[in-house]
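The file final09.cif contains mmCIF, C-alpha atoms:
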```
data_run
#
loop_
_atom_site.label_atom_id
_atom_site.label_comp_id
_atom_site.auth_asym_id
_atom_site.auth_seq_id
_atom_site.Cartn_x
_atom_site.Cartn_y
_atom_site.Cartn_z
CA MET A 178 75.52 102.86 106.77
CA SER A 179 75.48 101.52 103.24
CA THR A 180 75.58 97.76 103.60
CA VAL A 181 72.56 95.84 104.90
CA ILE A 182 74.44 92.66 105.71
CA GLU A 183 78.10 92.22 106.46
CA VAL A 184 79.45 88.74 107.03
CA THR A 185 83.14 88.27 107.77
CA ASP A 186 84.84 84.89 107.76
CA VAL A 187 81.85 83.00 109.17
CA THR A 188 82.18 79.31 109.91
CA LYS A 189 79.51 76.93 111.13
CA THR A 190 80.40 73.49 112.36
CA TYR A 191 77.89 70.78 113.25
CA ARG A 192 79.67 68.09 115.25
CA LYS A 193 82.04 66.86 112.57
CA SER A 194 80.73 68.50 109.41
CA GLU A 195 81.46 72.05 108.34
CA ALA A 196 78.27 73.69 107.01
CA LEU A 197 79.91 77.06 106.32
CA ARG A 198 83.59 77.67 105.72
CA GLY A 199 85.02 81.18 105.80
CA VAL A 200 82.00 82.95 104.34
CA THR A 201 82.52 86.66 103.68
CA LEU A 202 79.77 88.73 102.09
CA ALA A 203 78.44 92.28 101.89
CA LEU A 204 74.87 92.95 100.75
CA GLN A 205 73.81 96.40 99.53
CA PRO A 206 70.36 97.87 100.17
CA ASP A 207 67.42 97.67 97.78
CA ARG A 208 68.64 94.85 95.59
CA ILE A 209 67.27 91.42 94.83
CA TYR A 210 69.90 88.82 95.64
CA GLY A 211 69.83 85.20 94.57
CA LEU A 212 71.38 82.77 97.03
CA LEU A 213 71.88 79.74 94.85
CA GLY A 214 73.40 76.33 95.34
CA ARG A 215 72.65 72.66 95.59
CA ASN A 216 70.71 71.09 98.43
CA GLY A 217 72.88 70.93 101.53
CA ALA A 218 75.28 73.57 100.21
CA GLY A 219 74.70 75.81 103.25
CA LYS A 220 71.99 78.23 102.03
CA THR A 221 69.56 77.68 104.91
CA THR A 222 72.35 77.61 107.50
CA LEU A 223 73.58 80.99 106.29
CA MET A 224 70.10 82.53 106.29
CA SER A 225 69.41 81.17 109.78
CA ILE A 226 72.53 82.85 111.07
CA LEU A 227 71.66 86.15 109.37
CA THR A 228 68.20 86.12 110.95
CA ALA A 229 69.54 85.16 114.40
CA GLN A 230 67.84 81.77 114.32
CA GLY A 231 71.21 80.07 114.52
CA PHE A 232 74.68 80.91 115.75
CA ALA A 233 77.92 81.05 113.81
CA SER A 234 80.74 78.93 115.21
CA SER A 235 83.17 81.74 114.41
CA GLY A 236 83.27 84.96 112.44
CA GLU A 237 81.39 88.26 112.49
CA VAL A 238 77.81 88.95 111.43
CA ARG A 239 76.33 92.46 111.17
CA VAL A 240 72.82 93.23 109.99
CA PHE A 241 71.89 96.91 109.61
CA GLY A 242 75.23 97.55 111.26
CA GLU A 243 74.40 95.64 114.45
CA HIS A 244 74.57 92.16 115.92
CA PRO A 245 71.26 90.48 115.11
CA TYR A 246 71.05 88.20 118.18
CA GLU A 247 68.12 89.05 120.45
CA ASN A 248 68.24 92.52 118.93
CA GLU A 249 64.71 93.79 118.35
CA ARG A 250 65.88 96.86 116.48
CA VAL A 251 67.28 94.55 113.82
CA LEU A 252 64.79 91.68 113.90
CA ASN A 253 61.78 94.00 113.48
CA ARG A 254 63.08 94.93 110.07
CA ILE A 255 63.62 91.36 108.87
CA CYS A 256 61.16 88.85 107.42
CA PHE A 257 62.35 85.26 106.97
CA ILE A 258 60.11 82.87 105.05
CA ARG A 259 61.32 79.33 105.46
CA GLU A 260 60.50 76.33 103.38
CA SER A 261 59.11 74.58 106.47
CA GLN A 262 57.52 77.47 108.30
CA LYS A 263 55.74 76.36 111.51
CA TYR A 264 52.52 77.96 112.77
CA PRO A 265 50.63 77.38 116.02
CA ASP A 266 48.27 74.39 115.74
CA SER A 267 45.03 76.32 116.07
CA PHE A 268 45.98 78.95 113.48
CA THR A 269 44.12 79.74 110.27
CA ALA A 270 45.76 81.74 107.44
CA GLU A 271 43.81 84.74 108.69
CA HIS A 272 45.41 84.39 112.14
CA ALA A 273 48.85 84.17 110.58
CA PHE A 274 48.25 87.38 108.60
CA LYS A 275 46.89 89.20 111.66
CA SER A 276 50.00 88.37 113.70
CA ALA A 277 52.23 89.38 110.79
CA ALA A 278 50.34 92.69 110.54
CA LEU A 279 51.13 93.37 114.20
CA PHE A 280 54.78 92.46 113.86
CA PHE A 281 55.79 94.16 110.61
CA ALA A 282 55.68 97.96 110.61
CA ASN A 283 55.35 98.24 106.83
CA TRP A 284 52.66 95.53 106.48
CA SER A 285 50.27 96.16 103.58
CA GLN A 286 46.86 94.63 104.20
CA GLU A 287 45.81 95.73 100.73
CA LEU A 288 48.59 93.68 99.13
CA ALA A 289 47.86 90.72 101.41
CA ASP A 290 44.17 90.77 100.43
CA ARG A 291 45.01 90.93 96.77
CA LEU A 292 47.45 88.01 97.05
CA VAL A 293 44.88 85.92 98.94
CA THR A 294 42.56 86.37 95.94
CA ASP A 295 45.41 85.68 93.48
CA PHE A 296 46.37 82.43 95.21
CA GLN A 297 42.71 81.53 96.00
CA LEU A 298 43.72 80.83 99.57
CA PRO A 299 41.00 79.71 102.03
CA LEU A 300 41.38 82.14 104.96
CA ARG A 301 39.38 80.37 107.64
CA ARG A 302 40.60 76.81 107.22
CA ASN A 303 42.99 75.48 109.85
CA ILE A 304 46.54 75.84 108.56
CA LYS A 305 47.23 72.18 109.34
CA LYS A 306 44.54 71.25 106.80
CA LEU A 307 45.95 73.33 103.95
CA SER A 308 47.68 71.64 101.02
CA ARG A 309 51.47 71.96 100.72
CA GLY A 310 51.03 74.58 97.99
CA GLN A 311 48.52 76.58 100.03
CA LEU A 312 50.91 76.50 102.98
CA SER A 313 53.67 77.89 100.74
CA ALA A 314 51.23 80.57 99.55
CA VAL A 315 50.72 81.70 103.18
CA GLY A 316 54.49 82.18 103.46
CA VAL A 317 54.79 83.98 100.14
CA ILE A 318 51.93 86.34 101.08
CA ILE A 319 53.53 87.18 104.45
CA GLY A 320 56.92 87.67 102.79
CA LEU A 321 55.58 90.09 100.19
CA ALA A 322 52.97 91.95 102.27
CA SER A 323 55.40 92.50 105.17
CA ARG A 324 57.44 94.82 102.94
CA ALA A 325 60.25 94.30 105.44
CA GLU A 326 63.46 96.16 104.67
CA LEU A 327 65.21 92.81 104.48
CA THR A 328 63.23 89.78 103.30
CA PHE A 329 64.51 86.25 102.99
CA PHE A 330 62.67 83.65 100.92
CA ASP A 331 64.16 80.21 101.49
CA GLU A 332 62.86 77.99 98.67
CA PRO A 333 59.37 79.39 99.23
CA TYR A 334 57.71 77.51 96.39
CA LEU A 335 57.33 73.93 97.63
CA GLY A 336 54.06 72.50 96.29
CA LEU A 337 53.32 75.61 94.23
CA ASP A 338 52.59 74.76 90.60
CA ALA A 339 54.21 76.63 87.70
CA VAL A 340 51.33 79.12 87.45
CA ALA A 341 51.43 79.96 91.16
CA ARG A 342 55.22 80.31 91.09
CA GLN A 343 54.97 82.72 88.16
CA LEU A 344 52.40 84.68 90.12
CA PHE A 345 54.86 84.95 92.99
CA TYR A 346 57.68 86.15 90.71
CA ASP A 347 55.41 88.69 88.97
CA ARG A 348 54.11 90.12 92.24
CA LEU A 349 57.63 90.27 93.63
CA VAL A 350 58.93 92.33 90.67
CA GLU A 351 55.85 94.55 90.73
CA ASP A 352 55.89 95.29 94.45
CA TYR A 353 59.66 95.62 94.60
CA SER A 354 59.52 98.22 91.78
CA ARG A 355 57.18 100.37 93.86
CA HIS A 356 58.71 99.62 97.26
CA PRO A 357 62.38 98.81 96.81
CA ARG A 358 63.89 96.70 99.59
CA THR A 359 66.57 94.09 100.03
CA VAL A 360 65.38 90.61 99.05
CA VAL A 361 67.38 87.42 99.37
CA LEU A 362 65.82 84.64 97.34
CA SER A 363 67.18 81.16 97.78
CA SER A 364 66.30 78.70 95.06
CA HIS A 365 67.53 75.79 93.07
CA LEU A 366 65.10 76.56 90.24
CA ILE A 367 67.75 78.87 88.83
CA ASP A 368 66.32 79.35 85.32
CA GLU A 369 63.01 80.44 86.79
CA VAL A 370 64.43 83.17 89.01
CA ALA A 371 67.55 84.20 87.06
CA ASN A 372 65.99 87.24 85.37
CA LEU A 373 64.63 88.61 88.64
CA LEU A 374 68.02 88.83 90.27
CA GLU A 375 70.33 91.81 90.32
CA HIS A 376 73.11 90.01 92.14
CA VAL A 377 74.00 86.33 92.43
CA ILE A 378 75.70 84.51 95.28
CA VAL A 379 76.50 80.86 94.75
CA ILE A 380 77.38 78.66 97.68
CA ASP A 381 78.86 75.21 97.28
CA GLN A 382 79.84 72.94 100.15
CA GLY A 383 79.82 75.82 102.59
CA ARG A 384 81.98 78.10 100.47
CA ILE A 385 81.04 81.12 98.37
CA ILE A 386 82.12 80.29 94.84
CA MET A 387 80.43 83.17 93.00
CA ASP A 388 79.44 86.64 94.18
CA ASP A 389 78.74 88.93 91.27
CA ASP A 390 76.32 91.07 89.35
CA ALA A 391 73.86 88.83 87.46
CA GLU A 392 74.51 90.69 84.20
CA THR A 393 78.27 90.30 84.55
CA ILE A 394 77.87 86.56 85.06
CA ARG A 395 75.51 86.23 82.10
CA GLY A 396 78.17 87.48 79.74
CA SER A 397 81.07 85.71 81.40
CA ALA A 398 81.19 82.36 79.61
CA PHE A 399 80.47 80.74 76.27
CA THR A 400 80.31 77.25 74.85
CA VAL A 401 82.13 76.30 71.68
CA VAL A 402 81.30 73.13 69.75
CA GLY A 403 83.20 71.55 66.89
CA SER A 404 86.18 69.40 66.01
CA ALA A 405 88.16 68.81 69.20
CA GLU A 406 91.41 69.95 67.62
CA LYS A 407 89.97 73.20 66.25
CA VAL A 408 88.20 73.89 69.53
CA ARG A 409 91.54 73.54 71.30
CA THR A 410 93.31 75.86 68.86
CA PHE A 411 90.54 78.41 69.16
CA LEU A 412 90.43 78.45 72.96
CA GLY A 413 94.17 78.67 73.48
CA GLY A 414 94.90 79.37 77.15
CA ARG A 415 91.35 80.26 78.23
CA GLU A 416 90.04 78.84 81.48
CA VAL A 417 87.78 75.89 80.82
CA VAL A 418 84.92 75.10 83.20
CA HIS A 419 83.51 72.08 81.45
CA SER A 420 84.27 69.81 78.56
CA ASP A 421 82.31 67.04 76.81
CA ASN A 422 83.69 64.85 74.09
CA PHE A 423 81.88 62.80 71.49
CA ALA A 424 83.92 60.96 68.88
CA SER A 425 86.16 63.68 67.37
CA LEU A 426 83.87 66.47 68.57
CA ALA A 427 84.25 68.58 71.66
CA SER A 428 81.80 70.85 73.44
CA VAL A 429 83.73 73.10 75.79
CA THR A 430 82.48 75.83 78.12
CA ALA A 431 85.12 78.48 78.74
CA LEU A 432 85.25 81.71 80.71
CA GLY A 433 85.57 85.11 79.11
CA THR A 434 83.91 87.06 76.34
CA LEU A 435 84.53 87.02 72.61
CA ASN A 436 85.10 90.11 70.51
CA GLU A 437 83.98 90.46 66.89
CA SER A 438 87.15 89.15 65.32
CA GLU A 439 87.15 86.10 67.62
CA THR A 440 83.54 85.40 66.74
CA ARG A 441 84.45 85.62 63.06
CA GLU A 442 87.45 83.35 63.58
CA ALA A 443 85.19 80.73 65.20
CA ALA A 444 82.85 80.88 62.22
CA GLU A 445 85.76 80.52 59.81
CA LEU A 446 86.99 77.45 61.70
CA GLY A 447 83.48 75.98 61.38
CA LEU A 448 82.92 76.15 65.14
CA GLU A 449 79.56 76.83 66.71
CA LEU A 450 79.25 79.28 69.58
CA ALA A 451 76.48 79.21 72.13
CA PRO A 452 75.71 81.46 75.06
CA VAL A 453 75.76 79.99 78.57
CA SER A 454 72.82 80.62 80.89
CA LEU A 455 73.24 81.39 84.56
CA GLN A 456 71.89 77.95 85.40
CA GLN A 457 74.26 76.17 83.02
CA LEU A 458 77.24 78.07 84.37
CA ILE A 459 76.32 77.38 87.99
CA VAL A 460 75.74 73.70 87.27
CA ARG A 461 79.13 73.54 85.55
CA LYS A 462 80.87 75.34 88.39
CA THR A 463 79.27 73.43 91.24
CA MET A 464 79.97 70.16 89.43
CA SER A 465 83.62 70.98 88.87
CA ALA A 466 84.09 72.20 92.44
CA SER A 467 82.77 69.01 94.02
CA PRO A 468 85.26 66.26 94.85
CA ALA A 469 82.85 63.69 93.40
CA SER A 470 83.63 64.88 89.87
CA SER A 471 86.98 64.42 88.21
CA GLY A 472 87.87 68.09 88.61
CA ALA A 473 88.00 68.82 84.90
CA ALA A 474 88.40 72.53 85.60
CA ASP A 475 91.80 72.03 87.16
CA ARG A 476 93.27 70.27 84.18
CA PRO A 477 94.69 72.13 81.23
CA LEU A 478 92.54 72.11 78.10
CA SER A 479 95.04 70.00 76.19
CA GLU A 480 94.13 67.08 78.44
CA VAL A 481 90.44 67.83 78.76
CA ALA A 482 89.71 68.17 75.09
CA ARG A 483 91.48 64.99 74.15
CA MET B 27 59.73 84.23 77.55
CA LEU B 28 61.23 86.57 74.99
CA ILE B 29 64.53 87.00 76.81
CA ASP B 30 67.47 84.82 75.83
CA ASN B 31 69.17 83.49 78.94
CA GLY B 32 72.79 83.53 77.88
CA ARG B 33 73.32 87.21 77.06
CA PRO B 34 73.24 90.24 79.33
CA ILE B 35 69.59 91.26 79.57
CA PHE B 36 70.23 95.02 79.54
CA LEU B 37 71.71 94.66 76.04
CA GLN B 38 68.66 92.75 74.89
CA ILE B 39 66.35 95.43 76.31
CA ALA B 40 68.36 98.15 74.55
CA GLU B 41 68.20 96.19 71.26
CA ARG B 42 64.43 95.72 71.61
CA ILE B 43 63.88 99.43 72.03
CA GLU B 44 66.20 100.17 69.09
CA SER B 45 64.28 97.76 66.86
CA ASP B 46 60.99 99.36 67.90
CA ILE B 47 62.39 102.75 66.93
CA ILE B 48 63.66 101.45 63.58
CA ASP B 49 60.36 99.85 62.59
CA GLY B 50 58.36 102.84 63.80
CA THR B 51 56.59 101.16 66.72
CA LEU B 52 58.18 103.88 68.85
CA ALA B 53 57.98 107.15 66.91
CA GLU B 54 60.45 109.97 67.48
CA GLU B 55 59.37 112.25 70.33
CA SER B 56 56.97 109.59 71.62
CA GLN B 57 57.14 108.38 75.22
CA VAL B 58 58.93 105.13 76.03
CA PRO B 59 57.45 102.80 78.69
CA SER B 60 58.88 103.26 82.19
CA THR B 61 61.61 101.08 83.63
CA ASN B 62 59.08 99.41 85.92
CA GLU B 63 56.77 98.70 82.98
CA PHE B 64 59.64 97.07 81.10
CA ALA B 65 60.52 95.04 84.21
CA ALA B 66 56.96 93.81 84.68
CA PHE B 67 56.46 93.03 80.97
CA TYR B 68 59.69 91.11 80.46
CA ARG B 69 59.70 89.75 84.02
CA ILE B 70 63.14 91.05 84.80
CA ASN B 71 64.81 92.93 87.61
CA PRO B 72 63.93 96.66 87.42
CA ALA B 73 67.59 97.64 87.87
CA THR B 74 68.47 95.56 84.80
CA ALA B 75 65.72 97.23 82.76
CA ALA B 76 67.00 100.62 83.91
CA LYS B 77 70.51 99.73 82.78
CA GLY B 78 69.22 98.93 79.27
CA VAL B 79 67.23 102.16 79.04
CA ASN B 80 70.10 104.26 80.43
CA ARG B 81 72.42 102.87 77.82
CA LEU B 82 70.20 104.45 75.16
CA VAL B 83 70.03 107.69 77.14
CA ASP B 84 73.84 107.83 77.26
CA ASP B 85 73.76 107.17 73.54
CA ARG B 86 71.29 110.08 73.09
CA ILE B 87 68.79 107.76 71.38
CA LEU B 88 66.42 108.50 74.26
CA TYR B 89 66.20 111.55 76.46
CA LYS B 90 64.82 112.01 79.96
CA GLN B 91 62.36 114.64 81.02
CA ARG B 92 62.42 114.98 84.76
CA GLY B 93 59.23 113.88 86.44
CA ILE B 94 57.58 112.96 83.15
CA GLY B 95 59.53 110.09 81.63
CA MET B 96 61.65 108.96 78.72
CA PHE B 97 61.25 109.98 75.07
CA VAL B 98 62.70 109.02 71.69
CA SER B 99 65.09 111.70 70.41
CA THR B 100 64.53 113.37 67.07
CA GLY B 101 66.90 111.84 64.53
CA ALA B 102 67.28 108.61 66.55
CA ARG B 103 65.88 106.44 63.77
CA ALA B 104 68.40 107.63 61.16
CA VAL B 105 71.30 107.08 63.59
CA LEU B 106 70.15 103.55 64.39
CA MET B 107 69.52 102.68 60.74
CA GLN B 108 73.05 103.76 59.85
CA ARG B 109 74.48 101.67 62.69
CA ARG B 110 72.49 98.57 61.74
CA ARG B 111 73.56 98.95 58.12
CA GLU B 112 77.20 98.93 59.21
CA GLU B 113 76.61 95.73 61.17
CA PHE B 114 74.67 94.11 58.35
CA PHE B 115 77.76 92.93 56.46
CA ASP B 116 79.27 91.12 59.46
CA GLN B 117 76.02 89.79 60.82
CA TYR B 118 74.29 88.62 57.67
CA VAL B 119 76.40 88.84 54.51
CA GLN B 120 79.51 87.06 55.74
CA PRO B 121 77.73 84.02 57.23
CA LEU B 122 75.61 83.82 54.06
CA ALA B 123 78.68 83.86 51.82
CA ARG B 124 80.39 81.26 53.99
CA GLU B 125 77.45 78.86 53.87
CA ALA B 126 77.09 79.42 50.11
CA ARG B 127 80.71 78.49 49.53
CA LYS B 128 80.27 75.37 51.65
CA LEU B 129 77.38 74.29 49.42
CA GLY B 130 79.20 75.19 46.18
CA ILE B 131 76.86 78.07 45.33
CA GLU B 132 78.67 80.51 43.01
CA PRO B 133 78.53 84.27 43.77
CA ASP B 134 76.37 84.94 40.66
CA GLU B 135 73.97 82.20 41.65
CA LEU B 136 73.84 83.64 45.17
CA ALA B 137 73.07 87.12 43.80
CA ASP B 138 70.20 85.62 41.77
CA MET B 139 68.87 83.91 44.86
CA ILE B 140 68.93 87.18 46.79
CA ARG B 141 66.91 88.83 44.01
CA GLN B 142 64.41 85.96 44.10
CA GLY B 143 64.16 86.33 47.85
CA GLU B 144 63.49 90.04 47.45
CA HIS B 145 60.71 89.23 44.91
CA ALA B 146 59.14 86.72 47.29
CA ILE B 147 59.01 89.31 50.07
CA GLN B 148 57.50 91.94 47.77
CA GLY B 149 54.91 89.44 46.57
CA GLY B 150 54.08 88.62 50.15
CA THR B 151 53.51 92.20 51.21
CA GLN B 152 51.40 93.26 48.24
#
```

Encoded form (structure tokens):
Amino acid sequence: MSTVIEVTDVTKTYRKSEALRGVTLALQPDRIYGLLGRNGAGKTTLMSILTAQGFASSGEVRVFGEHPYENERVLNRICFIRESQKYPDSFTAEHAFKSAALFFANWSQELADRLVTDFQLPLRRNIKKLSRGQLSAVGVIIGLASRAELTFFDEPYLGLDAVARQLFYDRLVEDYSRHPRTVVLSSHLIDEVANLLEHVIVIDQGRIIMDDDAETIRGSAFTVVGSAEKVRTFLGGREVVHSDNFASLASVTALGTLNESETREAAELGLELAPVSLQQLIVRKTMSASPASSGAADRPLSEVAR
Amino acid sequence: MLIDNGRPIFLQIAERIESDIIDGTLAEESQVPSTNEFAAFYRINPATAAKGVNRLVDDRILYKQRGIGMFVSTGARAVLMQRRREEFFDQYVQPLAREARKLGIEPDELADMIRQGEHAIQGGTQ
């Protein structure tokens, strides 16, 4: 069995709205996946289905080759850290860690202790009295120390400041290096997590619009800035994902890579080239795919650049 | 963060290591940090770091010793210097000449400026 998760044509309908539409995915073991998309795009719905906390309206879901629903063999190997994780009222962080230690076979108390110190988490205070950031830290600590074969982090950083978030990312890379496992990290802070990801899945309005190696995506687009007419000549028939105009200038993001002679040609035309970050590309793509925008991506460049 | 977001990271890692070999930070036959050390230092995915390092292994700039680690090959520096020299014209000379023409700087004047620049650097390092 080589794939950890196999999702085939999954749809989820809530009354009248479609949260997931024909989602098909295959996740390989021991990689860090980014599940990215705007709020309400379907990230949490998808993760809930994969962890058997919700049902698909139609389609097939396999985790470790089996149906996850009420299947202990599968659920024992999964850790799901939700943004709004609920704990019993009387619990302290220490209680939460003790239950996690019982549940997860690979639990590392040593790592948990170290993270408690890192995040300066009060262990004996009632969880209800913790700050939002401290509550997120409890989730992050369980997610990392569980060392589950498949770990989901659904926007785990609410209330964590920049320093604490960096701590989470650093500990994730460090522990993953020593104990490789499959991690699915959902986030809309794309720039912050981009470099940690091996593979990127982008979901927009219930549909998968990108499913590729992070490095492939990083090199897959460029922005060219200069006189609108020269930009148009230079780009020719390339697929445009976004275009901004200012007076006679155009700034156009197009798909593809440029070879040396094309780069030289751009310089000779007086055009500026800029790389496109993962975040910029995703923002461009999720903007152009939404019906609220004018759908610039569907129009030929000759119209867009005008 | 030292990593530029718009270009494949494995290429940037490979370039970093190459530059360290060229300027002598990594001597020939010395050990290169492990993939996990690169990942932790640059805060990147370990698989991405490995891809950058493996590119240099395929290129024979680095070599692997099973169970011990990765080392800089003998002769790597000369190979890299030669390659960078070949790229120098495209990367530096052409843009310089283009900008000079735009500003009306004549080739002779440009050559003088390059000599002055060279002097300034020498003065700075002495």

Checklist entry - Do you know which residues are at most 12 Å from Arg124 of chain B counting all atoms listed in the file, after dropping those on the same chain fewer than 2 positions away, and could you put them as a VMD selection string? => result (chain A and resid 441 444 to 447) or (chain B and resid 116 to 122 126 to 133 136)

Next on the checklist: For a quick check of understanding, using only C-alpha atoms, which of B:Gln108, B:Arg42, B:Phe36, B:Asp49 has the smallest distance to Pro72 of chain B?
Outcome noted: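 Comparing B:Gln108, B:Arg42, B:Phe36, B:Asp49 against Pro72 of chain B, the winner is B:Phe36.
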
List as a tab-separated table every residue of chain A that is in contact with chain B, defined as an atom at most 7 Å from one of its atoms (using all atoms listed in the file), together with the nearest atom pair and the distance in Å rounded to one decimal, sorted by chain and then rising number.
```
residue	atom	partner	partner_atom	distance
A:Asp347	CA	B:Arg69	CA	6.6
A:Val350	CA	B:Ala66	CA	6.5
A:Glu351	CA	B:Ala66	CA	6.2
A:Ser354	CA	B:Asn62	CA	6.0
A:Asn372	CA	B:Ile70	CA	4.8
A:Leu373	CA	B:Asn71	CA	4.4
A:Leu374	CA	B:Asn71	CA	5.8
A:Glu375	CA	B:Asn71	CA	6.3
A:Glu392	CA	B:Pro34	CA	5.1
A:Arg395	CA	B:Pro34	CA	5.4
A:Gly396	CA	B:Arg33	CA	5.5
A:Pro452	CA	B:Gly32	CA	4.6
A:Val453	CA	B:Gly32	CA	4.7
A:Ser454	CA	B:Gly32	CA	4.2
```

Next on the checklist: As a check of understanding, name the residues that the PyMOL selection byres ((chain A and resi 417) around 6) selects in the supplied structure, as an MDAnalysis selection string.
Outcome noted: chainID A and resid 416 418:419 430:431 474

Checklist entry - Where does the PyMOL selection byres ((chain A and resi 189) around 7) land in this file, that is, which residues does it pick, as an NGL selection string? => result :A and (187-188 or 190-191 or 195-198 or 233-235)

Next on the checklist: I'd like to see the residues matched by the PyMOL selection byres ((chain A and resi 311-313) around 9) on this file, and ideally I'd get them as a PyMOL selection string.
Outcome noted: chain A and resi 260-262+270+296-299+304-305+307-310+314-318+333-337

Checklist outcome for this item: note - atom CA of Ala273 of chain A and atom CA of Thr294 of chain A are separated by 16.1 Å

Only N, CA, C and O atoms, as a short mmCIF file (atom, residue, chain, number, x, y, z; two decimals), in the first residue's frame: that is what I want for segment 57-70 of chain B.
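What ended up in result-v1.cif:
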```cif
data_model
loop_
_atom_site.label_atom_id
_atom_site.label_comp_id
_atom_site.auth_asym_id
_atom_site.auth_seq_id
_atom_site.Cartn_x
_atom_site.Cartn_y
_atom_site.Cartn_z
N GLN B 57 33.44 18.12 4.91
CA GLN B 57 32.07 17.59 5.01
C GLN B 57 31.05 18.72 4.89
O GLN B 57 31.22 19.79 5.45
N VAL B 58 29.99 18.42 4.15
CA VAL B 58 28.89 19.37 3.95
C VAL B 58 27.82 19.07 5.01
O VAL B 58 27.64 17.91 5.37
N PRO B 59 27.13 20.10 5.53
CA PRO B 59 26.07 19.82 6.51
C PRO B 59 25.06 18.82 5.96
O PRO B 59 24.89 18.69 4.75
N SER B 60 24.36 18.13 6.85
CA SER B 60 23.38 17.14 6.41
C SER B 60 22.12 17.82 5.88
O SER B 60 21.88 18.99 6.15
N THR B 61 21.35 17.04 5.14
CA THR B 61 20.09 17.54 4.60
C THR B 61 19.20 18.11 5.72
O THR B 61 18.62 19.18 5.56
N ASN B 62 19.13 17.40 6.84
CA ASN B 62 18.29 17.87 7.94
C ASN B 62 18.82 19.16 8.56
O ASN B 62 18.06 20.01 9.00
N GLU B 63 20.15 19.31 8.57
CA GLU B 63 20.73 20.56 9.08
C GLU B 63 20.39 21.73 8.15
O GLU B 63 20.05 22.81 8.60
N PHE B 64 20.48 21.47 6.84
CA PHE B 64 20.09 22.52 5.88
C PHE B 64 18.62 22.89 6.08
O PHE B 64 18.25 24.06 6.09
N ALA B 65 17.77 21.86 6.24
CA ALA B 65 16.33 22.09 6.38
C ALA B 65 16.05 22.94 7.61
O ALA B 65 15.28 23.91 7.55
N ALA B 66 16.69 22.59 8.73
CA ALA B 66 16.45 23.33 9.96
C ALA B 66 16.97 24.76 9.83
O ALA B 66 16.31 25.72 10.24
N PHE B 67 18.16 24.92 9.24
CA PHE B 67 18.77 26.25 9.15
C PHE B 67 17.98 27.19 8.24
O PHE B 67 17.69 28.33 8.60
N TYR B 68 17.59 26.70 7.08
CA TYR B 68 16.86 27.55 6.14
C TYR B 68 15.34 27.48 6.33
O TYR B 68 14.59 28.12 5.63
N ARG B 69 14.90 26.65 7.28
CA ARG B 69 13.48 26.47 7.56
C ARG B 69 12.71 26.05 6.32
O ARG B 69 11.76 26.71 5.88
N ILE B 70 13.19 24.96 5.75
CA ILE B 70 12.56 24.44 4.54
C ILE B 70 12.28 22.96 4.71
O ILE B 70 12.81 22.33 5.62
#
```
